[in-house]
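Here the structure comes first, spelled out in structure tokens, and everything after it is commentary.
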Amino acid sequence: MIEFQTDSVEMPLLDDGRIFRWLTAVAGSYDRLLGNLCYRFCSDEVILQTNREFLQHDYYTDIITFDYTRGRKVGADLLISLDTVASNAAQLGVPYERELLRVIVHGVLHLCGLHDKLPGEREEMEAAENRALSLYDEMGEM
């Protein structure tokens, strides 16, 4: 099950059914099952406060993932700053909607075991994000 909530921001337009099918397929490609995912969209201030309180990080980020994965079944609460998504999209010269999808799948990829902190991991994560975004596009053509 995937749930979308907001905290101090307007709910973005999302194709819930397509996103569910997409994330199920992405998780399956890593031999994982999709469990409960709760995405909460928020502002930069909310994500900064959460980063400070729970991770002792004093900086803005696009996503924080609280992982509840058990075995092969991935589950999490995922907090996404729509302010940071918008600024990243502008900086990268990509549509806001595309950047939001990238961040949505980024959290699931972490749950599937991918990382992006050590040398080489960022490139692996970006390649996985790009494959996932291509899959999303293909699913719209079905």
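Every chain in the structure tokens has a letter given in the order shown (A, B, ...), and although residue numbers restart at 1 in each chain, ligands are simply numbered from 1 in the order shown.
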Would you list the contacts of A:Thr84 as number ranges by chain, taking every protein, DNA or RNA residue within 8 Å and counting only C-alpha atoms, but skipping same-chain residues closer than 5 positions in sequence?
A: 43-44, 60-62
Got a sec to tell me which of stretch 43-80 of chain A DSSP assigns to alpha helix (DSSP H), as a ChimeraX atom specification?
/A:44-55
Strand (DSSP E) positions in stretch 66-115 of chain A, given as a list in words
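Strand (DSSP E) assignments inside stretch 66-115 of chain A correspond to Phe66, Asp67, Lys73, Val74, Gly75, Ala76, Asp77, Leu78, Leu79, Ile80 and Ser81 of chain A.
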Let me see the file: selected residues, C-alpha atoms, as an mmCIF file, in the first residue's frame.
```cif
data_model
loop_
_atom_site.group_PDB
_atom_site.id
_atom_site.type_symbol
_atom_site.label_atom_id
_atom_site.label_comp_id
_atom_site.auth_asym_id
_atom_site.auth_seq_id
_atom_site.Cartn_x
_atom_site.Cartn_y
_atom_site.Cartn_z
ATOM 1 C CA PHE A 66 12.650 5.938 7.768
ATOM 2 C CA ASP A 67 13.162 2.295 6.849
ATOM 3 C CA LYS A 73 9.219 -6.692 2.112
ATOM 4 C CA VAL A 74 10.175 -3.014 1.863
ATOM 5 C CA GLY A 75 8.344 -0.453 3.944
ATOM 6 C CA ALA A 76 9.043 3.066 5.099
ATOM 7 C CA ASP A 77 7.888 6.534 5.978
ATOM 8 C CA LEU A 78 9.403 8.863 3.389
ATOM 9 C CA LEU A 79 9.526 12.622 3.933
ATOM 10 C CA ILE A 80 10.031 14.687 0.759
ATOM 11 C CA SER A 81 10.683 18.437 0.677
#
```
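Shell of A:Phe41 at 8 Å, with only C-alpha atoms counted and residues fewer than 6 places along the chain excluded, is Phe4, Gln5, Thr6, Asp7, Val9, Met11, Leu79, Ile80, Ser81 and Leu82 of chain A.
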